[in-house]
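This is run17.pdb (PDB, C-alpha atoms).
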ATOM      1  CA  MET L   1       0.000   0.000   0.000
ATOM      2  CA  LEU L   2       1.311   3.427  -0.955
ATOM      3  CA  THR L   3       0.699   5.940   1.863
ATOM      4  CA  VAL L   4       0.990   9.722   1.575
ATOM      5  CA  ASN L   5       1.156  11.503   4.942
ATOM      6  CA  GLN L   6       0.130  15.170   5.156
ATOM      7  CA  ILE L   7      -0.701  15.370   8.877
ATOM      8  CA  LEU L   8       0.081  18.672  10.602
ATOM      9  CA  ASP L   9       2.894  18.862  13.126
ATOM     10  CA  LYS L  10       1.357  19.229  16.599
ATOM     11  CA  GLU L  11       4.427  20.719  18.282
ATOM     12  CA  LEU L  12       3.833  24.268  17.036
ATOM     13  CA  LEU L  13       0.115  24.071  17.831
ATOM     14  CA  LYS L  14       0.820  22.918  21.413
ATOM     15  CA  LYS L  15       2.789  26.125  21.982
ATOM     16  CA  LEU L  16      -0.269  28.224  21.040
ATOM     17  CA  ILE L  17      -2.535  26.881  23.793
ATOM     18  CA  SER L  18      -3.335  29.512  26.467
ATOM     19  CA  LYS L  19      -1.947  32.266  24.239
ATOM     20  CA  LYS L  20      -4.061  35.196  23.099
ATOM     21  CA  LEU L  21      -5.370  35.260  19.535
ATOM     22  CA  ASN L  22      -5.007  38.990  18.856
ATOM     23  CA  TRP L  23      -6.345  39.169  15.301
ATOM     24  CA  ILE L  24      -6.948  37.409  12.013
ATOM     25  CA  LYS L  25      -6.139  38.939   8.604
ATOM     26  CA  HIS L  26      -7.310  37.603   5.266
ATOM     27  CA  ASP L  27      -8.694  38.639   1.907
ATOM     28  CA  SER L  28     -12.127  40.243   1.973
ATOM     29  CA  LEU L  29     -15.021  37.826   2.523
ATOM     30  CA  THR L  30     -17.465  39.887   0.491
ATOM     31  CA  PHE L  31     -19.542  37.063  -0.987
ATOM     32  CA  SER L  32     -18.475  33.885   0.792
ATOM     33  CA  PRO L  33     -16.355  32.536   3.663
ATOM     34  CA  ILE L  34     -13.547  31.599   1.257
ATOM     35  CA  VAL L  35     -10.094  33.171   0.950
ATOM     36  CA  TYR L  36      -7.253  32.408  -1.431
ATOM     37  CA  GLY L  37      -4.211  30.564  -0.150
ATOM     38  CA  ILE L  38      -3.359  32.269   3.144
ATOM     39  CA  VAL L  39      -4.779  33.490   6.456
ATOM     40  CA  TYR L  40      -2.669  35.362   8.999
ATOM     41  CA  LEU L  41      -3.069  34.966  12.754
ATOM     42  CA  ARG L  42      -1.494  37.213  15.343
ATOM     43  CA  ILE L  43      -0.974  35.228  18.534
ATOM     44  CA  ASN L  44       0.789  36.843  21.508
ATOM     45  CA  HIS L  45       2.334  39.417  19.181
ATOM     46  CA  GLN L  46       3.819  36.790  16.830
ATOM     47  CA  THR L  47       2.427  36.341  13.322
ATOM     48  CA  TYR L  48       1.566  32.895  11.944
ATOM     49  CA  SER L  49       0.247  31.911   8.553
ATOM     50  CA  ILE L  50      -2.156  29.138   7.647
ATOM     51  CA  THR L  51      -1.772  28.156   4.018
ATOM     52  CA  ASN L  52      -3.355  25.742   1.569
ATOM     53  CA  LEU L  53      -0.933  25.485  -1.338
ATOM     54  CA  TYR L  54      -0.612  22.860  -4.052
ATOM     55  CA  LYS L  55       2.152  20.285  -3.975
ATOM     56  CA  GLU L  56       2.640  17.530  -6.498
ATOM     57  CA  LYS L  57       2.198  14.140  -4.843
ATOM     58  CA  ASP L  58       1.690  10.560  -5.921
ATOM     59  CA  VAL L  59      -1.906  10.153  -4.775
ATOM     60  CA  PHE L  60      -4.124   7.192  -5.596
ATOM     61  CA  GLY L  61      -1.722   6.020  -8.297
ATOM     62  CA  ASP L  62      -1.334   9.303 -10.167
ATOM     63  CA  LYS L  63       0.877  12.354  -9.840
ATOM     64  CA  GLU L  64      -1.514  15.106  -8.827
ATOM     65  CA  GLU L  65      -1.349  18.564  -7.365
ATOM     66  CA  ILE L  66      -3.212  18.525  -4.084
ATOM     67  CA  GLY L  67      -3.650  21.118  -1.387
ATOM     68  CA  VAL L  68      -1.450  20.874   1.695
ATOM     69  CA  LEU L  69      -2.654  22.638   4.849
ATOM     70  CA  LYS L  70       0.193  24.172   6.882
ATOM     71  CA  ILE L  71       0.623  26.503   9.827
ATOM     72  CA  GLN L  72       3.940  28.190  10.521
ATOM     73  CA  LYS L  73       5.539  31.290  11.984
ATOM     74  CA  HIS L  74       5.457  34.106   9.468
ATOM     75  CA  THR L  75       8.259  36.655   9.352
ATOM     76  CA  ASP L  76       7.725  38.191   5.908
ATOM     77  CA  GLU L  77       5.410  41.048   5.022
ATOM     78  CA  VAL L  78       1.748  40.303   5.733
ATOM     79  CA  LYS L  79       0.055  40.618   2.341
ATOM     80  CA  SER L  80      -2.524  39.041   0.102
ATOM     81  CA  MET L  81      -1.559  36.399  -2.436
ATOM     82  CA  LEU L  82      -3.920  38.144  -4.871
ATOM     83  CA  VAL L  83      -2.836  41.171  -6.910
ATOM     84  CA  ASP L  84      -4.350  44.481  -5.783
ATOM     85  CA  SER L  85      -6.231  42.914  -2.879
ATOM     86  CA  LYS L  86      -6.310  44.421   0.599
ATOM     87  CA  LEU L  87      -6.448  42.324   3.716
ATOM     88  CA  VAL L  88      -9.266  42.610   6.221
ATOM     89  CA  LYS L  89      -8.344  42.582   9.905
ATOM     90  CA  GLN L  90     -10.660  41.065  12.499
ATOM     91  CA  ASN L  91      -9.726  41.813  16.116
ATOM     92  CA  ILE L  92     -10.292  38.876  18.466
ATOM     93  CA  ASN L  93      -8.232  39.312  21.676
ATOM     94  CA  LEU L  94      -9.321  36.056  23.310
ATOM     95  CA  LYS L  95      -7.289  33.207  24.806
ATOM     96  CA  ILE L  96      -6.964  29.945  22.871
ATOM     97  CA  ASN L  97      -8.283  27.117  25.086
ATOM     98  CA  LYS L  98      -8.016  24.242  22.658
ATOM     99  CA  ILE L  99      -6.986  23.450  19.088
ATOM    100  CA  THR L 100      -8.505  20.552  17.164
ATOM    101  CA  ILE L 101      -6.925  19.128  14.027
ATOM    102  CA  VAL L 102      -9.397  17.438  11.685
ATOM    103  CA  ASN L 103      -7.471  14.541  10.132
ATOM    104  CA  THR L 104      -8.743  12.085   7.546
ATOM    105  CA  ASN L 105      -7.464   8.729   6.348
ATOM    106  CA  THR L 106      -8.760   7.985   2.854
ATOM    107  CA  THR L 107      -8.131   4.533   1.396
ATOM    108  CA  VAL L 108      -8.697   3.523  -2.222
ATOM    109  CA  THR L 109      -8.284  -0.098  -3.366
ATOM    110  CA  ASN L 110      -8.601  -1.688  -6.790
ATOM    111  CA  LYS L 111     -11.344  -4.350  -6.543
ATOM    112  CA  THR L 112      -9.590  -6.777  -8.911
ATOM    113  CA  ASN L 113      -6.028  -6.151  -7.702
ATOM    114  CA  GLN L 114      -5.874  -5.795  -3.908
ATOM    115  CA  ASN L 115      -2.147  -4.941  -4.187
ATOM    116  CA  GLU L 116      -3.146  -1.672  -5.840
ATOM    117  CA  SER L 117      -4.100   0.195  -2.695
ATOM    118  CA  TYR L 118      -3.509   3.799  -1.686
ATOM    119  CA  SER L 119      -3.891   5.707   1.549
ATOM    120  CA  LEU L 120      -3.884   9.471   2.092
ATOM    121  CA  LEU L 121      -3.429  10.726   5.657
ATOM    122  CA  ASP L 122      -4.425  14.370   5.541
ATOM    123  CA  SER L 123      -5.088  17.308   7.856
ATOM    124  CA  ASN L 124      -8.165  19.005   6.443
ATOM    125  CA  ALA L 125      -8.856  21.694   9.039
ATOM    126  CA  ILE L 126      -7.697  23.425  12.208
ATOM    127  CA  ILE L 127     -10.297  24.515  14.769
ATOM    128  CA  PHE L 128      -9.341  27.117  17.380
ATOM    129  CA  THR L 129     -11.621  27.068  20.444
ATOM    130  CA  LEU L 130     -11.398  30.340  22.359
ATOM    131  CA  GLU L 131     -12.060  31.162  26.001
ATOM    132  CA  ASP L 132     -15.762  31.843  25.372
ATOM    133  CA  ASP L 133     -16.103  28.514  23.434
ATOM    134  CA  TYR L 134     -16.463  30.478  20.185
ATOM    135  CA  GLU L 135     -14.563  28.773  17.399
ATOM    136  CA  PHE L 136     -12.734  29.588  14.193
ATOM    137  CA  ALA L 137     -12.142  26.765  11.717
ATOM    138  CA  PHE L 138      -9.735  27.015   8.810
ATOM    139  CA  GLU L 139     -10.527  24.279   6.295
ATOM    140  CA  LYS L 140      -8.607  23.552   3.128
ATOM    141  CA  SER L 141     -10.480  23.137  -0.114
ATOM    142  CA  ASP L 142      -9.558  20.326  -2.450
ATOM    143  CA  ILE L 143     -10.489  22.545  -5.396
ATOM    144  CA  GLY L 144      -7.998  25.359  -5.796
ATOM    145  CA  GLU L 145      -5.748  26.766  -3.125
ATOM    146  CA  LEU L 146      -8.688  28.016  -1.086
ATOM    147  CA  ILE L 147      -9.332  28.176   2.655
ATOM    148  CA  PHE L 148     -12.843  28.182   4.117
ATOM    149  CA  ILE L 149     -13.157  30.250   7.291
ATOM    150  CA  ASN L 150     -15.986  29.080   9.539
ATOM    151  CA  ARG L 151     -17.077  30.795  12.734
ATOM    152  CA  GLY L 152     -19.451  29.700  15.472
ATOM    153  CA  TYR L 153     -19.930  27.019  18.094
ATOM    154  CA  ASN L 154     -19.456  23.240  17.864
ATOM    155  CA  LEU L 155     -17.792  23.473  14.446
ATOM    156  CA  ARG L 156     -16.510  19.930  14.811
ATOM    157  CA  ASP L 157     -19.997  18.701  13.845
ATOM    158  CA  LYS L 158     -19.594  20.321  10.421
ATOM    159  CA  PHE L 159     -16.888  17.836   9.449
ATOM    160  CA  ASN L 160     -18.665  14.522  10.124
ATOM    161  CA  ASN L 161     -19.504  13.769   6.462
ATOM    162  CA  MET L 162     -16.877  15.885   4.770
ATOM    163  CA  LEU L 163     -15.616  13.340   2.214
ATOM    164  CA  ASP L 164     -18.854  11.554   1.285
ATOM    165  CA  ASP L 165     -19.061  13.110  -2.189
ATOM    166  CA  PHE L 166     -15.399  12.390  -2.871
ATOM    167  CA  ILE L 167     -15.827   8.719  -1.955
ATOM    168  CA  LYS L 168     -18.878   8.413  -4.233
ATOM    169  CA  SER L 169     -16.857   9.790  -7.162
ATOM    170  CA  PHE L 170     -14.811   6.594  -7.619
ATOM    171  CA  ASP L 171     -15.897   4.255 -10.401
ATOM    172  CA  ASP L 172     -16.850   0.590  -9.994
ATOM    173  CA  GLU L 173     -13.240  -0.547 -10.404
ATOM    174  CA  TYR L 174     -12.257   0.847  -6.985
ATOM    175  CA  THR L 175     -13.573   0.770  -3.471
ATOM    176  CA  ALA L 176     -12.967   3.844  -1.332
ATOM    177  CA  SER L 177     -13.500   4.672   2.326
ATOM    178  CA  TYR L 178     -12.399   7.201   4.894
ATOM    179  CA  THR L 179     -12.221   7.810   8.607
ATOM    180  CA  ILE L 180     -12.100  11.112  10.470
ATOM    181  CA  ASN L 181      -9.961  11.696  13.540
ATOM    182  CA  PHE L 182     -10.428  14.789  15.669
ATOM    183  CA  GLU L 183      -7.098  15.340  17.414
ATOM    184  CA  GLU L 184      -7.491  17.719  20.341
ATOM    185  CA  ILE L 185      -4.582  19.728  21.666
ATOM    186  CA  LYS L 186      -5.089  21.261  25.097
TER     187      LYS L 186
END

Please rewrite the model in this file as structure tokens.
Amino acid sequence: MLTVNQILDKELLKKLISKKLNWIKHDSLTFSPIVYGIVYLRINHQTYSITNLYKEKDVFGDKEEIGVLKIQKHTDEVKSMLVDSKLVKQNINLKINKITIVNTNTTVTNKTNQNESYSLLDSNAIIFTLEDDYEFAFEKSDIGELIFINRGYNLRDKFNNMLDDFIKSFDDEYTASYTINFEEIK
């Protein structure tokens, strides 16, 4: 079985627990909760970026460009990835109580050749739970280098059936399944 692992590193996220989320900056959300490629977070006066950028990987037997969700310290200029786009700043100023990584394990197997089997371990979203239990979720899109920004309470529930349509897209030659793991960091 060929396995591709794109699970986020927890070490950086552990360091953010109990820190104050000062603000979020991203492209304007005029018509939808979707931004292109990057979201900036200011946490305890240090800037971090969450990105969803394409990388070429051998996935399910083909070389494909797929989105890879990452979070890292950001030391460069805070700017949009779009030309002539201004970032919108949302002040938060609340402590981070918990971070949840939404991980999936997708397996695809050829029905006639069981040796042709592929597994993709992937981090699909990061949920920040703040001191008032309000949450921000940053979810990668599999179409384009987009990030969905969701706000509200109990956002974990939103992810329960997240890959159903993808699984149904495989033809009769393959069987596909997935599991979701919610990894909480406190």

Kindly assemble as a Markdown table a list of the region 21-82 of chain L residues that lie within 6 Å of region 145-162 of chain L, each paired with its nearest atom pair and their distance in Å to one decimal, using all atoms listed in the file, sorted first by chain and then by ascending residue number.
| residue | atom | partner | partner_atom | distance |
| --- | --- | --- | --- | --- |
| L:Pro33 | CA | L:Ile149 | CA | 5.3 |
| L:Ile34 | CA | L:Phe148 | CA | 4.5 |
| L:Val35 | CA | L:Ile147 | CA | 5.3 |
| L:Tyr36 | CA | L:Leu146 | CA | 4.6 |
| L:Gly37 | CA | L:Glu145 | CA | 5.1 |
| L:Asn52 | CA | L:Glu145 | CA | 5.4 |
| L:Leu53 | CA | L:Glu145 | CA | 5.3 |

For C-alpha atoms, I'd like the residues from the last selection saved as a PDB file, keeping the file's coordinate frame.
ATOM      1  CA  PRO L  33     -16.355  32.536   3.663  1.00  0.00           C
ATOM      2  CA  ILE L  34     -13.547  31.599   1.257  1.00  0.00           C
ATOM      3  CA  VAL L  35     -10.094  33.171   0.950  1.00  0.00           C
ATOM      4  CA  TYR L  36      -7.253  32.408  -1.431  1.00  0.00           C
ATOM      5  CA  GLY L  37      -4.211  30.564  -0.150  1.00  0.00           C
ATOM      6  CA  ASN L  52      -3.355  25.742   1.569  1.00  0.00           C
ATOM      7  CA  LEU L  53      -0.933  25.485  -1.338  1.00  0.00           C
TER       8      LEU L  53
END

Problem set entry | Computed interatomic separation between CA of Gly67 (chain L) and CA of Lys98 (chain L) (Å) |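 Pair CA of Gly67 (chain L) / CA of Lys98 (chain L) returns 24.6 Å.
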
Problem set entry | Picked residues, the PyMOL selection byres ((chain L and resi 1) around 12), expected as an MDAnalysis selection string | chainID L and resid 2:4 59:61 107:110 113:120

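Proximity ranking of L:Thr100, L:Thr175, L:Ser32, L:Thr75 relative to Leu13 (chain L) places L:Thr100 first, based on all atoms listed in the file.
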
For this session: Counting all atoms listed in the file, find the residues whose atoms lie at most 9 Å from (-16.5, 27.7, 22.7) (file coordinates) and write them out as a VMD selection string.
Result: chain L and resid 97 128 to 135 152 to 154

Generate a file of the selected residues that holds C-alpha atoms, formatted as a PDB file, in the frame of the given file.
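Just written: part_25.pdb:
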ATOM      1  CA  ASN L  97      -8.283  27.117  25.086  1.00  0.00           C
ATOM      2  CA  PHE L 128      -9.341  27.117  17.380  1.00  0.00           C
ATOM      3  CA  THR L 129     -11.621  27.068  20.444  1.00  0.00           C
ATOM      4  CA  LEU L 130     -11.398  30.340  22.359  1.00  0.00           C
ATOM      5  CA  GLU L 131     -12.060  31.162  26.001  1.00  0.00           C
ATOM      6  CA  ASP L 132     -15.762  31.843  25.372  1.00  0.00           C
ATOM      7  CA  ASP L 133     -16.103  28.514  23.434  1.00  0.00           C
ATOM      8  CA  TYR L 134     -16.463  30.478  20.185  1.00  0.00           C
ATOM      9  CA  GLU L 135     -14.563  28.773  17.399  1.00  0.00           C
ATOM     10  CA  GLY L 152     -19.451  29.700  15.472  1.00  0.00           C
ATOM     11  CA  TYR L 153     -19.930  27.019  18.094  1.00  0.00           C
ATOM     12  CA  ASN L 154     -19.456  23.240  17.864  1.00  0.00           C
TER      13      ASN L 154
END
